[in-house]
2 protein chains.
Amino acid sequence: MTNQQAVLDLLDIVEYGGCAEPERFFALMRRTFNIAHLLYLEAEPLSDGLKVCRLHHTFGAYAAEIYLSRGLYRIDPILKLALGGVRPVEWATARRRFPECEPLFEAAEEIGLSTEGVALPLPSPAGRLALLAISANMSPAEWATYRRCHLRDFQLAANLFHASMLEHSAMAGALDERDLRLTGRETEVLTWSAAGKSYWEIATILGISERTVRFFMTNARRKLNVVSNTQAVAQAVRHALIPTI
Amino acid sequence: MTNQQAVLDLLDIVEYGGCAEPERFFALMRRTFNIAHLLYLEAEPLSDGLKVCRLHHTFGAYAAEIYLSRGLYRIDPILKLALGGVRPVEWATARRRFPECEPLFEAAEEIGLSTEGVALPLPSPAGRLALLAISANMSPAEWATYRRCHLRDFQLAANLFHASMLEHSAMAGALDERDLRLTGRETEVLTWSAAGKSYWEIATILGISERTVRFFMTNARRKLNVVSNTQAVAQAVRHALIPTI
DNA sequence: AATTAAACTGTCACTATCGACAGTTACATG
DNA sequence: CATGTAACTGTCGATAGTGACAGTTTAATT
């Protein structure tokens, strides 16, 4: 059993921002728990697959090479289950339920990687998906006991680390968007436009002239560097410039 | 300190499906931890607000009445932070950061509810948001110690309960998603429209007639239940139906 | 006192969009 | 073979959006 005090300390460190770099977080996790490997993935679903936004792991270049060159991502049920669901995905369970993914686990055994682990789905902003996978070099029985005891620690640590990662990228992105600041009226007309209102309707709602609505909308388009109201609204929603709630 | 064995037992019960009903989960949580109240919310962001998909709580009818009649949901920073973010939201921190939400906390104190608590964002399928809020009748100092020890339990229990809720409604909810499923072409024209392209441009890009672009767009508008391309794109971006460019 | 930013308004001409009309073709599923 | 679904197309008329022209007013900052 792992030292409970060390676990709580780890959670404090991750929560209060001491682990915004994946390497430090991974190292801290491996030091505190009996973890073999970690993998953090942030992706965006596309119609024809997944766009990987962030990927950090400890499996090494050789394992990554094999995973990619053999096209194992195409049959990986853990990816699909964890990114498409909410419940922690047990590797062994996925292996049993999807016999077609055997090549993946065989490849793992071939290069000496553990096949016991769990993938934790993480809450993400709209349109994003994320997971943290954790594996350990243990027998199935050992892993079951270990997992029962520490899944809660993994889940919270994963959530907090993920939050740090997102906030860090928000800082970096904030500089780019310094001139993207919209005025109150610009935000209002965009919001109503996103709600399907026409210029005339927005003018009536805001108690101003239709021309003025067009004026704000034109300014918003110019600031967002787009050519249509539709594109402006798409950008505004993506950058959370107009309220979702 | 709470009995660790009881905590692990609770997590087992929630994980293995023993707590698909909110009342049983809430009761089990209150029995295991020193929790005053719980609130589970599942919602969908809309252009003109928030559509509540599921709401279960232990605050009682009187508190709900006050919350709604005074319009406190409009100033509630916890809702916004937890549904819009990833990090656990500490009630006291939200109160300090958003002085305009004082009426909310004053109302809570008025009817004898605790103002110490935390709201946990939960991972959700595309276009959905969810949170579990937990409060305790403790002094700030007690709460800090208690939270440090049990946040991991709350987080994992919340995730597992949320997963049960989603899986239970998977059958019923499948009907809603079927209507909202866009075809490949509908997704394509929406994507290009969100990129600022006109019908003529999209037609040229896809190598089809302008009329056909309009056909797909009309179908998309109908499925999304909106009145303009702009609103359709806003919805599609929010529901992650089209890829980010 | 000068400057700046935001909020506001009008008109003209052109293009884009949208709803309603009425179809064809291809492919899979029962 | 019927049924359904997706992909496709044409035309008309009404409404909405877009850019370029040329301004006023108010409030805060320098």
# chains A, B, ... in the order shown; residues from 1 in each chain; ligands from 1
call {"tool": "residues_around", "arguments": {"residues": "segment 113-123 of chain A", "least_positions_apart": "3", "cutoff": "6 Å", "atoms": "only C-alpha atoms (C1' of nucleotides)", "output": "VMD selection string"}}
result
(chain A and resid 82 86 88 to 91 108 to 109 130 to 135 137) or (chain B and resid 86 122 to 123)
call {"tool": "interface_residues", "arguments": {"of": "chain D", "to": "chain A", "cutoff": "9 Å", "atoms": "only C-alpha atoms (C1' of nucleotides)", "output": "JSON, numbers by chain"}}
result
{"D": [16, 17, 18]}
call {"tool": "interface_residues", "arguments": {"of": "chain A", "to": "chain C", "cutoff": "9 Å", "atoms": "only C-alpha atoms (C1' of nucleotides)", "output": "JSON list (two decimals) with all heavy atoms, in the first residue's frame"}}
result
[["chain", "number", "residue", "atom", "x", "y", "z"],
["A", 183, "THR", "N", -16.41, 44.55, -28.17],
["A", 183, "THR", "CA", -17.15, 45.44, -27.27],
["A", 183, "THR", "C", -18.45, 44.77, -26.85],
["A", 183, "THR", "O", -18.83, 43.74, -27.40],
["A", 183, "THR", "CB", -17.48, 46.77, -27.97],
["A", 183, "THR", "OG1", -18.44, 46.52, -28.98],
["A", 183, "THR", "CG2", -16.24, 47.40, -28.57],
["A", 185, "ARG", "N", -21.58, 45.68, -27.27],
["A", 185, "ARG", "CA", -22.59, 45.62, -28.31],
["A", 185, "ARG", "C", -22.23, 44.59, -29.37],
["A", 185, "ARG", "O", -23.11, 43.89, -29.88],
["A", 185, "ARG", "CB", -22.76, 47.00, -28.97],
["A", 185, "ARG", "CG", -23.55, 47.97, -28.12],
["A", 185, "ARG", "CD", -24.90, 47.43, -27.74],
["A", 185, "ARG", "NE", -25.90, 48.48, -27.56],
["A", 185, "ARG", "CZ", -27.10, 48.30, -27.05],
["A", 185, "ARG", "NH1", -27.46, 47.10, -26.62],
["A", 185, "ARG", "NH2", -27.95, 49.29, -26.94],
["A", 208, "ILE", "N", -32.41, 49.55, -31.06],
["A", 208, "ILE", "CA", -31.58, 50.43, -31.88],
["A", 208, "ILE", "C", -31.95, 50.22, -33.34],
["A", 208, "ILE", "O", -32.81, 49.39, -33.64],
["A", 208, "ILE", "CB", -30.07, 50.14, -31.67],
["A", 208, "ILE", "CG1", -29.77, 48.67, -31.98],
["A", 208, "ILE", "CG2", -29.65, 50.50, -30.26],
["A", 208, "ILE", "CD1", -28.33, 48.28, -31.77],
["A", 209, "SER", "N", -31.34, 50.98, -34.22],
["A", 209, "SER", "CA", -31.71, 50.86, -35.63],
["A", 209, "SER", "C", -31.02, 49.66, -36.27],
["A", 209, "SER", "O", -29.97, 49.20, -35.80],
["A", 209, "SER", "CB", -31.35, 52.12, -36.40],
["A", 209, "SER", "OG", -29.99, 52.09, -36.74],
["A", 211, "ARG", "N", -29.48, 49.61, -38.99],
["A", 211, "ARG", "CA", -28.18, 50.05, -39.48],
["A", 211, "ARG", "C", -27.11, 49.91, -38.41],
["A", 211, "ARG", "O", -25.97, 49.54, -38.70],
["A", 211, "ARG", "CB", -28.26, 51.52, -39.93],
["A", 211, "ARG", "CG", -26.94, 52.11, -40.35],
["A", 211, "ARG", "CD", -26.39, 51.37, -41.57],
["A", 211, "ARG", "NE", -25.06, 51.82, -41.90],
["A", 211, "ARG", "CZ", -23.96, 51.34, -41.38],
["A", 211, "ARG", "NH1", -24.02, 50.40, -40.46],
["A", 211, "ARG", "NH2", -22.78, 51.80, -41.75],
["A", 212, "THR", "N", -27.48, 50.21, -37.18],
["A", 212, "THR", "CA", -26.51, 50.14, -36.08],
["A", 212, "THR", "C", -26.13, 48.70, -35.78],
["A", 212, "THR", "O", -24.97, 48.41, -35.47],
["A", 212, "THR", "CB", -27.10, 50.81, -34.83],
["A", 212, "THR", "OG1", -27.55, 52.11, -35.19],
["A", 212, "THR", "CG2", -26.07, 50.92, -33.74],
["A", 215, "PHE", "N", -23.65, 47.89, -38.19],
["A", 215, "PHE", "CA", -22.39, 48.55, -37.84],
["A", 215, "PHE", "C", -21.59, 47.70, -36.85],
["A", 215, "PHE", "O", -20.40, 47.42, -37.05],
["A", 215, "PHE", "CB", -22.70, 49.93, -37.24],
["A", 215, "PHE", "CG", -21.50, 50.63, -36.66],
["A", 215, "PHE", "CD1", -20.56, 51.22, -37.48],
["A", 215, "PHE", "CD2", -21.33, 50.69, -35.29],
["A", 215, "PHE", "CE1", -19.46, 51.88, -36.95],
["A", 215, "PHE", "CE2", -20.23, 51.34, -34.75],
["A", 215, "PHE", "CZ", -19.30, 51.94, -35.58]]
call {"tool": "residues_around", "arguments": {"residues": "Met29 of chain A", "least_positions_apart": "3", "cutoff": "9 Å", "atoms": "only C-alpha atoms (C1' of nucleotides)", "output": "ChimeraX atom specification"}}
result
/A:10,24-26,32-35,38,154,157
call {"tool": "write_last_selection", "arguments": {"atoms": "all heavy atoms", "output": "mmCIF file, in the first residue's frame"}}
result
data_model
loop_
_atom_site.group_PDB
_atom_site.id
_atom_site.type_symbol
_atom_site.label_atom_id
_atom_site.label_comp_id
_atom_site.auth_asym_id
_atom_site.auth_seq_id
_atom_site.Cartn_x
_atom_site.Cartn_y
_atom_site.Cartn_z
ATOM 1 N N LEU A 10 0.811 14.787 -3.187
ATOM 2 C CA LEU A 10 0.818 14.823 -4.656
ATOM 3 C C LEU A 10 -0.402 15.577 -5.179
ATOM 4 O O LEU A 10 -0.298 16.437 -6.056
ATOM 5 C CB LEU A 10 0.833 13.404 -5.214
ATOM 6 C CG LEU A 10 0.694 13.266 -6.730
ATOM 7 C CD1 LEU A 10 1.563 12.130 -7.238
ATOM 8 C CD2 LEU A 10 -0.738 13.051 -7.187
ATOM 9 N N ARG A 24 7.037 16.501 -15.491
ATOM 10 C CA ARG A 24 7.065 16.587 -14.030
ATOM 11 C C ARG A 24 5.918 15.820 -13.413
ATOM 12 O O ARG A 24 6.081 15.144 -12.395
ATOM 13 C CB ARG A 24 7.023 18.055 -13.579
ATOM 14 C CG ARG A 24 8.294 18.819 -13.930
ATOM 15 C CD ARG A 24 8.282 20.184 -13.284
ATOM 16 N NE ARG A 24 8.149 20.112 -11.832
ATOM 17 C CZ ARG A 24 7.921 21.181 -11.063
ATOM 18 N NH1 ARG A 24 7.797 22.369 -11.618
ATOM 19 N NH2 ARG A 24 7.820 21.041 -9.760
ATOM 20 N N PHE A 25 4.761 15.951 -14.032
ATOM 21 C CA PHE A 25 3.590 15.238 -13.515
ATOM 22 C C PHE A 25 3.796 13.729 -13.608
ATOM 23 O O PHE A 25 3.563 12.995 -12.641
ATOM 24 C CB PHE A 25 2.338 15.640 -14.298
ATOM 25 C CG PHE A 25 1.120 14.836 -13.948
ATOM 26 C CD1 PHE A 25 0.542 14.934 -12.686
ATOM 27 C CD2 PHE A 25 0.544 13.979 -14.879
ATOM 28 C CE1 PHE A 25 -0.590 14.190 -12.365
ATOM 29 C CE2 PHE A 25 -0.587 13.236 -14.565
ATOM 30 C CZ PHE A 25 -1.150 13.338 -13.301
ATOM 31 N N PHE A 26 4.281 13.276 -14.740
ATOM 32 C CA PHE A 26 4.523 11.848 -14.917
ATOM 33 C C PHE A 26 5.541 11.343 -13.893
ATOM 34 O O PHE A 26 5.354 10.297 -13.258
ATOM 35 C CB PHE A 26 5.031 11.565 -16.337
ATOM 36 C CG PHE A 26 3.987 11.735 -17.414
ATOM 37 C CD1 PHE A 26 4.348 11.734 -18.754
ATOM 38 C CD2 PHE A 26 2.642 11.878 -17.081
ATOM 39 C CE1 PHE A 26 3.379 11.881 -19.748
ATOM 40 C CE2 PHE A 26 1.675 12.031 -18.075
ATOM 41 C CZ PHE A 26 2.053 12.033 -19.412
ATOM 42 N N THR A 32 5.323 8.462 -6.764
ATOM 43 C CA THR A 32 4.361 8.265 -5.680
ATOM 44 C C THR A 32 3.668 6.902 -5.757
ATOM 45 O O THR A 32 3.434 6.256 -4.746
ATOM 46 C CB THR A 32 3.300 9.385 -5.710
ATOM 47 O OG1 THR A 32 3.962 10.645 -5.754
ATOM 48 C CG2 THR A 32 2.415 9.317 -4.486
ATOM 49 N N PHE A 33 3.336 6.500 -6.978
ATOM 50 C CA PHE A 33 2.641 5.222 -7.146
ATOM 51 C C PHE A 33 3.561 4.220 -7.826
ATOM 52 O O PHE A 33 4.621 4.583 -8.333
ATOM 53 C CB PHE A 33 1.375 5.420 -7.984
ATOM 54 C CG PHE A 33 0.403 6.391 -7.394
ATOM 55 C CD1 PHE A 33 0.315 7.680 -7.908
ATOM 56 C CD2 PHE A 33 -0.407 6.031 -6.344
ATOM 57 C CE1 PHE A 33 -0.581 8.585 -7.368
ATOM 58 C CE2 PHE A 33 -1.303 6.930 -5.795
ATOM 59 C CZ PHE A 33 -1.384 8.215 -6.305
ATOM 60 N N ASN A 34 3.080 3.012 -7.887
ATOM 61 C CA ASN A 34 3.860 1.964 -8.533
ATOM 62 C C ASN A 34 3.448 1.837 -10.003
ATOM 63 O O ASN A 34 3.010 0.785 -10.455
ATOM 64 C CB ASN A 34 3.636 0.649 -7.775
ATOM 65 C CG ASN A 34 4.595 -0.415 -8.230
ATOM 66 O OD1 ASN A 34 5.586 -0.121 -8.909
ATOM 67 N ND2 ASN A 34 4.313 -1.650 -7.858
ATOM 68 N N ILE A 35 3.573 2.944 -10.706
ATOM 69 C CA ILE A 35 3.081 3.037 -12.083
ATOM 70 C C ILE A 35 4.204 2.713 -13.066
ATOM 71 O O ILE A 35 5.346 3.149 -12.880
ATOM 72 C CB ILE A 35 2.552 4.463 -12.359
ATOM 73 C CG1 ILE A 35 1.233 4.673 -11.619
ATOM 74 C CG2 ILE A 35 2.395 4.720 -13.848
ATOM 75 C CD1 ILE A 35 0.717 6.087 -11.710
ATOM 76 N N LEU A 38 2.534 6.163 -18.242
ATOM 77 C CA LEU A 38 1.393 7.078 -18.318
ATOM 78 C C LEU A 38 1.264 7.610 -19.733
ATOM 79 O O LEU A 38 2.268 7.754 -20.444
ATOM 80 C CB LEU A 38 1.576 8.261 -17.366
ATOM 81 C CG LEU A 38 1.574 7.951 -15.879
ATOM 82 C CD1 LEU A 38 2.967 8.178 -15.311
ATOM 83 C CD2 LEU A 38 0.559 8.818 -15.152
ATOM 84 N N PHE A 154 -5.919 8.367 -8.915
ATOM 85 C CA PHE A 154 -5.615 8.568 -10.329
ATOM 86 C C PHE A 154 -6.624 9.527 -10.960
ATOM 87 O O PHE A 154 -6.258 10.427 -11.709
ATOM 88 C CB PHE A 154 -5.654 7.230 -11.085
ATOM 89 C CG PHE A 154 -4.639 6.229 -10.614
ATOM 90 C CD1 PHE A 154 -4.811 4.871 -10.860
ATOM 91 C CD2 PHE A 154 -3.498 6.643 -9.932
ATOM 92 C CE1 PHE A 154 -3.874 3.946 -10.432
ATOM 93 C CE2 PHE A 154 -2.556 5.724 -9.494
ATOM 94 C CZ PHE A 154 -2.749 4.372 -9.749
ATOM 95 N N ALA A 157 -6.105 13.167 -9.651
ATOM 96 C CA ALA A 157 -4.836 13.696 -10.162
ATOM 97 C C ALA A 157 -4.944 13.980 -11.654
ATOM 98 O O ALA A 157 -4.470 15.019 -12.141
ATOM 99 C CB ALA A 157 -3.708 12.707 -9.888
#
call {"tool": "interface_residues", "arguments": {"of": "chain A", "to": "chain B", "cutoff": "8 Å", "atoms": "only C-alpha atoms", "output": "PyMOL selection string"}}
result
chain A and resi 8+12+44-47+84-87+121-128+148-149+151-153+155-156+159-160+162-163+191+193-196+226-231+233-234+237-238+243-245
call {"tool": "calpha_fit_and_write", "arguments": {"fixed": "chain B", "moving": "chain A", "output": "CSV table (one decimal) with C-alpha atoms, in the first residue's frame"}}
result
chain,number,residue,atom,x,y,z
A,1,MET,CA,-11.5,8.5,8.2
A,2,THR,CA,-13.7,6.7,5.8
A,3,ASN,CA,-13.2,3.1,4.8
A,4,GLN,CA,-11.0,3.1,1.7
A,5,GLN,CA,-12.4,-0.1,0.4
A,6,ALA,CA,-15.9,1.4,0.4
A,7,VAL,CA,-14.7,4.4,-1.5
A,8,LEU,CA,-13.1,2.2,-4.2
A,9,ASP,CA,-16.3,0.2,-4.4
A,10,LEU,CA,-18.3,3.3,-4.8
A,11,LEU,CA,-16.1,4.5,-7.6
A,12,ASP,CA,-16.5,1.1,-9.3
A,13,ILE,CA,-20.2,1.3,-9.1
A,14,VAL,CA,-20.4,4.8,-10.4
A,15,GLU,CA,-18.0,4.0,-13.2
A,16,TYR,CA,-19.7,0.9,-14.4
A,17,GLY,CA,-23.1,2.4,-14.7
A,18,GLY,CA,-24.8,1.4,-11.4
A,19,CYS,CA,-25.7,4.9,-10.6
A,20,ALA,CA,-27.4,6.6,-13.5
A,21,GLU,CA,-30.2,8.0,-11.3
A,22,PRO,CA,-29.4,11.0,-9.2
A,23,GLU,CA,-31.2,9.7,-6.1
A,24,ARG,CA,-29.2,6.5,-6.1
A,25,PHE,CA,-26.0,8.3,-6.6
A,26,PHE,CA,-26.8,10.8,-3.8
A,27,ALA,CA,-27.8,8.0,-1.5
A,28,LEU,CA,-24.6,6.1,-2.2
A,29,MET,CA,-22.5,9.1,-1.7
A,30,ARG,CA,-24.1,10.0,1.6
A,31,ARG,CA,-23.8,6.4,2.8
A,32,THR,CA,-20.1,6.2,1.9
A,33,PHE,CA,-19.1,9.7,3.0
A,34,ASN,CA,-20.1,11.9,5.8
A,35,ILE,CA,-21.9,14.2,3.4
A,36,ALA,CA,-24.8,16.4,4.4
A,37,HIS,CA,-26.1,17.5,1.0
A,38,LEU,CA,-25.4,17.2,-2.7
A,39,LEU,CA,-26.4,19.3,-5.7
A,40,TYR,CA,-26.0,18.5,-9.3
A,41,LEU,CA,-26.5,21.2,-11.9
A,42,GLU,CA,-26.3,21.1,-15.7
A,43,ALA,CA,-26.9,24.4,-17.4
A,44,GLU,CA,-26.5,26.3,-20.6
A,45,PRO,CA,-25.1,29.9,-20.6
A,46,LEU,CA,-27.4,32.5,-22.2
A,47,SER,CA,-26.8,36.1,-22.8
A,48,ASP,CA,-29.1,37.1,-20.0
A,49,GLY,CA,-28.3,34.4,-17.5
A,50,LEU,CA,-28.4,30.6,-17.3
A,51,LYS,CA,-30.8,28.0,-18.6
A,52,VAL,CA,-31.0,25.1,-16.2
A,53,CYS,CA,-31.0,21.9,-18.1
A,54,ARG,CA,-30.8,19.5,-15.1
A,55,LEU,CA,-31.0,20.1,-11.4
A,56,HIS,CA,-31.0,17.5,-8.7
A,57,HIS,CA,-30.3,18.1,-5.1
A,58,THR,CA,-31.0,16.9,-1.5
A,59,PHE,CA,-31.7,20.3,0.1
A,60,GLY,CA,-35.4,19.9,0.0
A,61,ALA,CA,-38.3,22.0,-1.3
A,62,TYR,CA,-38.1,24.5,1.5
A,63,ALA,CA,-34.5,25.5,0.9
A,64,ALA,CA,-35.2,25.7,-2.9
A,65,GLU,CA,-38.2,27.9,-2.2
A,66,ILE,CA,-36.1,30.3,-0.2
A,67,TYR,CA,-33.2,30.2,-2.7
A,68,LEU,CA,-35.6,31.1,-5.5
A,69,SER,CA,-38.0,33.5,-3.8
A,70,ARG,CA,-35.2,35.6,-2.4
A,71,GLY,CA,-33.3,35.7,-5.7
A,72,LEU,CA,-30.2,34.3,-4.0
A,73,TYR,CA,-29.2,32.7,-7.3
A,74,ARG,CA,-28.4,36.3,-8.5
A,75,ILE,CA,-25.7,36.8,-5.8
A,76,ASP,CA,-24.5,33.2,-5.5
A,77,PRO,CA,-20.8,33.3,-6.2
A,78,ILE,CA,-20.4,29.5,-6.1
A,79,LEU,CA,-22.6,29.1,-9.2
A,80,LYS,CA,-20.6,31.7,-11.1
A,81,LEU,CA,-17.2,30.5,-10.0
A,82,ALA,CA,-17.9,26.8,-10.5
A,83,LEU,CA,-19.7,27.2,-13.8
A,84,GLY,CA,-17.2,29.7,-15.1
A,85,GLY,CA,-14.0,28.1,-13.9
A,86,VAL,CA,-12.1,24.8,-13.6
A,87,ARG,CA,-10.9,24.8,-10.0
A,88,PRO,CA,-13.0,23.4,-7.1
A,89,VAL,CA,-14.8,26.2,-5.4
A,90,GLU,CA,-14.6,26.3,-1.6
A,91,TRP,CA,-17.7,27.7,-0.1
A,92,ALA,CA,-16.0,29.5,2.8
A,93,THR,CA,-13.4,31.0,0.4
A,94,ALA,CA,-16.2,32.3,-1.9
A,95,ARG,CA,-18.0,33.8,1.2
A,96,ARG,CA,-14.8,35.7,2.2
A,97,ARG,CA,-14.1,36.9,-1.3
A,98,PHE,CA,-17.6,38.1,-2.1
A,99,PRO,CA,-19.0,40.0,0.9
A,100,GLU,CA,-22.2,40.8,-1.1
A,101,CYS,CA,-23.2,37.2,-1.0
A,102,GLU,CA,-23.7,37.2,2.8
A,103,PRO,CA,-27.5,36.9,2.5
A,104,LEU,CA,-27.0,33.5,0.8
A,105,PHE,CA,-24.9,32.1,3.7
A,106,GLU,CA,-27.1,33.8,6.3
A,107,ALA,CA,-30.2,32.1,4.7
A,108,ALA,CA,-28.4,28.8,4.8
A,109,GLU,CA,-27.6,29.2,8.5
A,110,GLU,CA,-31.1,30.4,9.2
A,111,ILE,CA,-32.6,27.1,7.9
A,112,GLY,CA,-29.9,25.0,9.5
A,113,LEU,CA,-27.8,24.2,6.4
A,114,SER,CA,-24.1,23.8,6.5
A,115,THR,CA,-21.9,26.6,5.1
A,116,GLU,CA,-18.9,24.3,4.6
A,117,GLY,CA,-18.7,22.7,1.2
A,118,VAL,CA,-17.1,22.6,-2.2
A,119,ALA,CA,-18.4,22.9,-5.7
A,120,LEU,CA,-16.7,20.9,-8.4
A,121,PRO,CA,-16.8,22.1,-12.0
A,122,LEU,CA,-17.3,19.2,-14.5
A,123,PRO,CA,-16.2,18.8,-18.1
A,124,SER,CA,-19.1,19.2,-20.5
A,125,PRO,CA,-19.9,19.0,-24.2
A,126,ALA,CA,-19.6,22.3,-26.1
A,127,GLY,CA,-22.0,24.9,-24.8
A,128,ARG,CA,-22.8,23.2,-21.6
A,129,LEU,CA,-21.7,23.7,-18.0
A,130,ALA,CA,-22.1,21.4,-15.0
A,131,LEU,CA,-21.1,21.2,-11.4
A,132,LEU,CA,-21.5,19.0,-8.4
A,133,ALA,CA,-21.7,20.6,-5.0
A,134,ILE,CA,-21.0,18.8,-1.8
A,135,SER,CA,-21.5,20.0,1.7
A,136,ALA,CA,-20.9,18.6,5.2
A,137,ASN,CA,-22.0,19.4,8.7
A,138,MET,CA,-18.6,20.0,10.1
A,139,SER,CA,-16.6,22.7,11.8
A,140,PRO,CA,-14.2,24.5,9.4
A,141,ALA,CA,-11.2,22.6,10.9
A,142,GLU,CA,-12.9,19.2,10.5
A,143,TRP,CA,-14.0,20.1,7.0
A,144,ALA,CA,-10.4,21.1,6.0
A,145,THR,CA,-9.1,17.7,7.0
A,146,TYR,CA,-12.0,15.8,5.5
A,147,ARG,CA,-11.8,17.7,2.2
A,148,ARG,CA,-8.1,17.1,1.9
A,149,CYS,CA,-8.6,13.4,2.2
A,150,HIS,CA,-11.7,13.0,0.0
A,151,LEU,CA,-11.7,15.8,-2.6
A,152,ARG,CA,-10.1,13.3,-5.1
A,153,ASP,CA,-12.9,10.9,-4.4
A,154,PHE,CA,-15.5,13.5,-4.9
A,155,GLN,CA,-14.0,14.8,-8.1
A,156,LEU,CA,-13.8,11.4,-9.7
A,157,ALA,CA,-17.2,10.3,-8.5
A,158,ALA,CA,-18.7,13.5,-9.8
A,159,ASN,CA,-17.0,13.1,-13.2
A,160,LEU,CA,-18.2,9.5,-13.5
A,161,PHE,CA,-21.8,10.3,-12.4
A,162,HIS,CA,-21.9,13.2,-14.8
A,163,ALA,CA,-20.7,11.0,-17.6
A,164,SER,CA,-23.6,8.6,-16.8
A,165,MET,CA,-26.1,11.4,-16.8
A,166,LEU,CA,-24.9,12.6,-20.2
A,167,GLU,CA,-24.9,9.2,-21.7
A,168,HIS,CA,-28.3,8.4,-20.4
A,169,SER,CA,-29.7,11.5,-22.0
A,170,ALA,CA,-27.9,10.6,-25.2
A,171,MET,CA,-29.8,7.3,-25.3
A,172,ALA,CA,-33.1,9.0,-24.8
A,173,GLY,CA,-32.3,11.6,-27.4
A,174,ALA,CA,-31.1,8.9,-29.9
A,175,LEU,CA,-34.7,7.7,-30.5
A,176,ASP,CA,-35.9,11.1,-31.5
A,177,GLU,CA,-33.0,11.4,-33.9
A,178,ARG,CA,-33.4,8.1,-35.6
A,179,ASP,CA,-34.6,9.8,-38.9
A,180,LEU,CA,-31.9,12.4,-38.5
A,181,ARG,CA,-29.3,10.1,-40.0
A,182,LEU,CA,-27.4,11.9,-42.8
A,183,THR,CA,-25.7,10.1,-45.7
A,184,GLY,CA,-22.0,10.5,-46.2
A,185,ARG,CA,-22.2,13.1,-48.9
A,186,GLU,CA,-24.8,15.1,-46.9
A,187,THR,CA,-22.4,15.2,-44.0
A,188,GLU,CA,-19.6,16.2,-46.3
A,189,VAL,CA,-21.3,19.1,-47.9
A,190,LEU,CA,-22.6,20.3,-44.5
A,191,THR,CA,-19.1,20.1,-43.1
A,192,TRP,CA,-17.6,22.2,-46.0
A,193,SER,CA,-20.5,24.6,-45.8
A,194,ALA,CA,-19.8,25.0,-42.0
A,195,ALA,CA,-16.2,25.8,-43.1
A,196,GLY,CA,-17.4,28.7,-45.2
A,197,LYS,CA,-17.2,27.1,-48.6
A,198,SER,CA,-19.7,28.0,-51.4
A,199,TYR,CA,-21.5,25.5,-53.5
A,200,TRP,CA,-18.9,26.0,-56.3
A,201,GLU,CA,-16.0,25.5,-53.9
A,202,ILE,CA,-17.5,22.4,-52.4
A,203,ALA,CA,-18.2,21.0,-55.9
A,204,THR,CA,-14.6,21.6,-56.8
A,205,ILE,CA,-13.3,20.0,-53.6
A,206,LEU,CA,-15.5,16.9,-53.9
A,207,GLY,CA,-15.0,16.7,-57.7
A,208,ILE,CA,-18.8,16.7,-58.4
A,209,SER,CA,-21.1,19.3,-60.1
A,210,GLU,CA,-22.4,22.3,-58.3
A,211,ARG,CA,-25.9,21.0,-58.9
A,212,THR,CA,-25.1,17.8,-57.0
A,213,VAL,CA,-23.8,19.7,-54.0
A,214,ARG,CA,-27.1,21.6,-54.0
A,215,PHE,CA,-28.9,18.2,-54.2
A,216,PHE,CA,-27.2,16.9,-51.1
A,217,MET,CA,-27.7,20.1,-49.3
A,218,THR,CA,-31.4,20.2,-50.1
A,219,ASN,CA,-31.7,16.6,-48.8
A,220,ALA,CA,-29.9,17.6,-45.6
A,221,ARG,CA,-32.1,20.5,-45.1
A,222,ARG,CA,-35.2,18.4,-45.6
A,223,LYS,CA,-34.0,15.7,-43.1
A,224,LEU,CA,-33.0,18.3,-40.5
A,225,ASN,CA,-36.4,20.0,-41.1
A,226,VAL,CA,-34.8,23.5,-41.6
A,227,VAL,CA,-35.1,26.2,-44.1
A,228,SER,CA,-31.6,27.4,-44.8
A,229,ASN,CA,-28.0,26.0,-45.0
A,230,THR,CA,-27.1,28.2,-42.1
A,231,GLN,CA,-29.8,26.7,-39.9
A,232,ALA,CA,-28.8,23.2,-41.1
A,233,VAL,CA,-25.2,23.8,-40.1
A,234,ALA,CA,-26.3,25.2,-36.7
A,235,GLN,CA,-28.4,22.0,-36.1
A,236,ALA,CA,-25.7,19.7,-37.4
A,237,VAL,CA,-23.1,21.3,-35.0
A,238,ARG,CA,-25.4,21.1,-32.1
A,239,HIS,CA,-26.3,17.5,-32.7
A,240,ALA,CA,-22.7,16.6,-33.5
A,241,LEU,CA,-23.7,15.4,-37.0
A,242,ILE,CA,-20.6,16.9,-38.5
A,243,PRO,CA,-17.1,16.5,-37.2
A,244,THR,CA,-15.7,19.1,-34.9
A,245,ILE,CA,-12.3,17.6,-35.0
call {"tool": "select_by_dssp", "arguments": {"residues": "segment 62-208 of chain A", "states": "helix (DSSP H, G or I)", "output": "PyMOL selection string"}}
result
chain A and resi 62-69+72-74+77-84+91-97+99-110+140-176+178-180+184-194+199-206
call {"tool": "decode", "arguments": {"residues": "segment 227-238 of chain B", "atoms": "C-alpha atoms", "output": "PDB file, in the first residue's frame"}}
result
ATOM      1  CA  VAL B 227     -33.772  29.104 -38.751  1.00  0.00           C
ATOM      2  CA  SER B 228     -30.508  30.350 -40.264  1.00  0.00           C
ATOM      3  CA  ASN B 229     -27.163  29.020 -41.426  1.00  0.00           C
ATOM      4  CA  THR B 230     -25.540  31.220 -38.808  1.00  0.00           C
ATOM      5  CA  GLN B 231     -27.546  29.632 -36.007  1.00  0.00           C
ATOM      6  CA  ALA B 232     -26.903  26.181 -37.464  1.00  0.00           C
ATOM      7  CA  VAL B 233     -23.162  26.755 -37.403  1.00  0.00           C
ATOM      8  CA  ALA B 234     -23.319  28.098 -33.858  1.00  0.00           C
ATOM      9  CA  GLN B 235     -25.171  24.960 -32.757  1.00  0.00           C
ATOM     10  CA  ALA B 236     -22.879  22.681 -34.709  1.00  0.00           C
ATOM     11  CA  VAL B 237     -19.768  24.216 -33.162  1.00  0.00           C
ATOM     12  CA  ARG B 238     -21.267  23.993 -29.678  1.00  0.00           C
TER      13      ARG B 238
END
